[in-house]
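Undergrad: Sharing a structure below in structure tokens format, with a few things to ask.
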Amino acid sequence: MSQQVQMYDPRRHLEENKTVYDENIKKVLSHGRFINGPEVKEIETALSKYVDVKHGVGVSSGTDALLIALMALGVGPGDEVVTVPFSWISTVEVICMLRATPVFCDIDRDTFNMDTRQLADKINERTKVIMPVSIFGQPYDVVGTRKVVKEAEERLGRKIYVIEDAAQSFGSIHEEGHSCSVSDIGCTSFFPSKPLGCFGDGGMCFTNDDELARRMRAIRNHGCERRYHYERVGLNGRLDTLQAAILLSKVPTMESQFEKRAENAHFYNEAFKSLPVETPVLDSGTIQHVYAQYTIQLEDEKTRDALLDHLKQNGVGAAVFYPVQLHLVPALTQEYLPGSLPVAESMGKRVLSLPCYPELTEEERAKVAFTVALFFEGYSGMIQKNT
């Protein structure tokens with residue numbers, strides 16, 4: 001059997017940096033502060049400094065980061081949160097958990113991010129938060145969003161908050177700043193396959209607002225800042241000390257990891273130039289895309305599914321992200337019909353993500369590109385034969 005190319009292999013960074021991991025894990029095992037240990041504060045400081053914000057609040061997952069951010073803003077029944085349907089379910093389920101109403105804005109077909117040309121029509125008297133998603137590792141349209149939000153605030157005479165769902169984009173850079181720094185609250189995930197991942201669940205909220213940071217720290221700890229003094233309803237949403245130690249093991253190499261992802265993406269872009277696929281498009285404001293997933297577009301669902309099957313048969317990992325769009329999930333909302341958000345629905349049928357993680361070898365990368373090219377050579381011949 002030919003060599004298997006995995007979509008992602010979390011063991012490789014560990015194997016290459018085992019000494020650092022062993023030292024950091026041993027420190028936690030030695031001091032025994034498995035909850036709220038010093039490593040949590042250390043990673044909060046390191047990452048908030050990296051994205052250039054005042055506060056980093058470590059939490060138990062990317063999902064809880066979004067939930068805690070919404071809770072800190074007091075989102076609840078009667079409020080509307082504008083977001084996108086082309087994302088992981090966490091983006092919307094946290095809105096529903098607070099009994100607020102998700103309002104969906106379609107996405108841009110090139111960047112997969114919120115189409116800010118449609119955003120103004122989604123904002124009304126009940127809108128409390130805009131939650132763009134920086135999907136696949138590219139920052140959302142920061143400038144376009146700010147323009148629409150400012151105009152809406154002037155019209156409504158009040159503040160509208162922006163929470164960036166940056167679960168996939170930590171390390172990316174927009175001309176306005178790092179992902180996680182370009183909104184009222186930036187929320188990221190440290191799920192193992194993310195650009196900066198731990199060995200379990202973890203996440204972080206970032207903000208420059210002292211009061212929001214205070215609230216989020218209390219909410220993640222059952223709503224209290226001091227033991228048995230409960231100021232608000234909260235949850236058990238703390239970042240685990242061992243996971244903080246894992247993240248600290250990755251900090252020294254994370255910049256090179258982001259660069260390697262971009263290098264792999266550039267290789268694919270060049271390799272696919274003559275093929276009938278659409279490669280990722282950078283927004284005009286994007287300085288650094290971290291390619292949490294390298295995602296191409298195919299002509300139609302039939303071609304996409306055939307390529308996916310071909311890759312699997314030839315030992316190449318690939319994945320389809322968001323074949324079900326969130327506005328069509330009955331558990332979340334029943335207000336939308338098929339066809340109401342056509343771009344997101346189309347992307348769910350046409351996109352395919354390929355291995356792009358930093359430890360991918362040159363040989364593996366070449367095999368991915370060759371296998372994709374081989375498919376189109378055979379697919380073209382099959383089409384000609386049947387016409």
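Letters for chains follow the order of the structure tokens (A, B, ...), residue numbers begin at 1 for each chain, and ligand numbers begin at 1 in the order shown.
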Do a neighbour search on Gln325 of chain A at 6 Å with only C-alpha atoms, toss out local chain neighbours closer than 3 positions, and write the hits as a PyMOL selection string.

TA: chain A and resi 85-86+328

Undergrad: With DSSP run on the backbone, what are the helix (DSSP H, G or I) residues within segment 135-297 of chain A? I'd like them as an NGL selection string.

TA: :A and (135-137 or 142-156 or 210-219 or 241-271)

Undergrad: Could you tell me which of A:Leu73, A:Ser274, A:Glu164, A:Thr241 comes closest to Glu377 of chain A if we count only C-alpha atoms?

TA: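 Once distances to Glu377 of chain A are computed over only C-alpha atoms, the minimum belongs to A:Ser274.
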
Undergrad: Enumerate the residues of segment 177-217 of chain A with a DSSP assignment of strand (DSSP E), computed from the backbone, and present them as a list in words.

TA: Gly177, His178, Ile185, Gly186, Cys187, Thr188, Ser189, Gly203, Met204, Cys205, Phe206 and Thr207 of chain A

Undergrad: Once you have the residues from the selection above, write them out as a compact mmCIF listing (two decimals), in the first residue's frame, restricted to N, CA and C atoms.

TA:
# COMPACT_ATOMS: atom_id res chain seq x y z
N GLY A 177 -4.92 44.67 12.21
CA GLY A 177 -4.35 44.03 13.38
C GLY A 177 -4.46 42.52 13.34
N HIS A 178 -3.96 41.86 14.37
CA HIS A 178 -4.04 40.41 14.47
C HIS A 178 -5.49 39.95 14.65
N ILE A 185 -14.53 41.61 21.34
CA ILE A 185 -14.01 40.38 21.95
C ILE A 185 -13.62 39.44 20.82
N GLY A 186 -12.43 38.89 20.90
CA GLY A 186 -12.01 37.85 19.96
C GLY A 186 -11.96 36.52 20.67
N CYS A 187 -12.54 35.50 20.05
CA CYS A 187 -12.62 34.18 20.69
C CYS A 187 -11.93 33.15 19.82
N THR A 188 -11.00 32.40 20.40
CA THR A 188 -10.33 31.37 19.62
C THR A 188 -10.43 30.02 20.31
N SER A 189 -10.05 28.99 19.55
CA SER A 189 -10.09 27.60 20.02
C SER A 189 -8.70 27.01 19.97
N GLY A 203 -9.50 27.14 24.95
CA GLY A 203 -9.82 28.32 24.17
C GLY A 203 -9.42 29.58 24.93
N MET A 204 -9.64 30.74 24.30
CA MET A 204 -9.30 31.99 24.96
C MET A 204 -10.15 33.13 24.39
N CYS A 205 -10.51 34.06 25.27
CA CYS A 205 -11.19 35.30 24.89
C CYS A 205 -10.19 36.44 25.04
N PHE A 206 -10.19 37.35 24.07
CA PHE A 206 -9.28 38.48 24.09
C PHE A 206 -10.09 39.78 24.03
N THR A 207 -9.66 40.78 24.80
CA THR A 207 -10.33 42.08 24.75
C THR A 207 -9.42 43.16 25.29

Undergrad: I need the residue nearest Glu345 of chain A from this list: A:Val148, A:Val84, A:Ala120, A:Ile135. Use only C-alpha atoms for the distance.

TA: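 Among the listed residues, A:Val84 lies closest to Glu345 of chain A.
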
Undergrad: Skip Met71 of chain A itself and residues of its chain fewer than 3 positions away, then list as a VMD selection string all residues within 9 Å of it, counting only C-alpha atoms.

TA: chain A and resid 66 to 68 74 to 76 98 215 to 216 219 233 to 234

Undergrad: Can I get the selection written as an mmCIF file, in the first residue's frame, with C-alpha atoms?

TA:
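The resulting file, result03.cif, is shown below:
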data_model
loop_
_atom_site.group_PDB
_atom_site.id
_atom_site.type_symbol
_atom_site.label_atom_id
_atom_site.label_comp_id
_atom_site.auth_asym_id
_atom_site.auth_seq_id
_atom_site.Cartn_x
_atom_site.Cartn_y
_atom_site.Cartn_z
ATOM 1 C CA LEU A 66 -18.069 32.281 22.454
ATOM 2 C CA LEU A 67 -20.608 31.494 25.169
ATOM 3 C CA ILE A 68 -18.692 33.403 27.836
ATOM 4 C CA GLY A 74 -25.609 40.254 28.614
ATOM 5 C CA VAL A 75 -27.055 38.604 25.502
ATOM 6 C CA GLY A 76 -30.377 36.915 26.197
ATOM 7 C CA LEU A 98 -28.876 31.937 25.757
ATOM 8 C CA ARG A 215 -16.800 39.728 33.698
ATOM 9 C CA MET A 216 -15.397 36.936 31.542
ATOM 10 C CA ILE A 219 -18.139 33.826 34.314
ATOM 11 C CA VAL A 233 -24.474 33.262 36.759
ATOM 12 C CA GLY A 234 -21.416 31.570 35.321
#
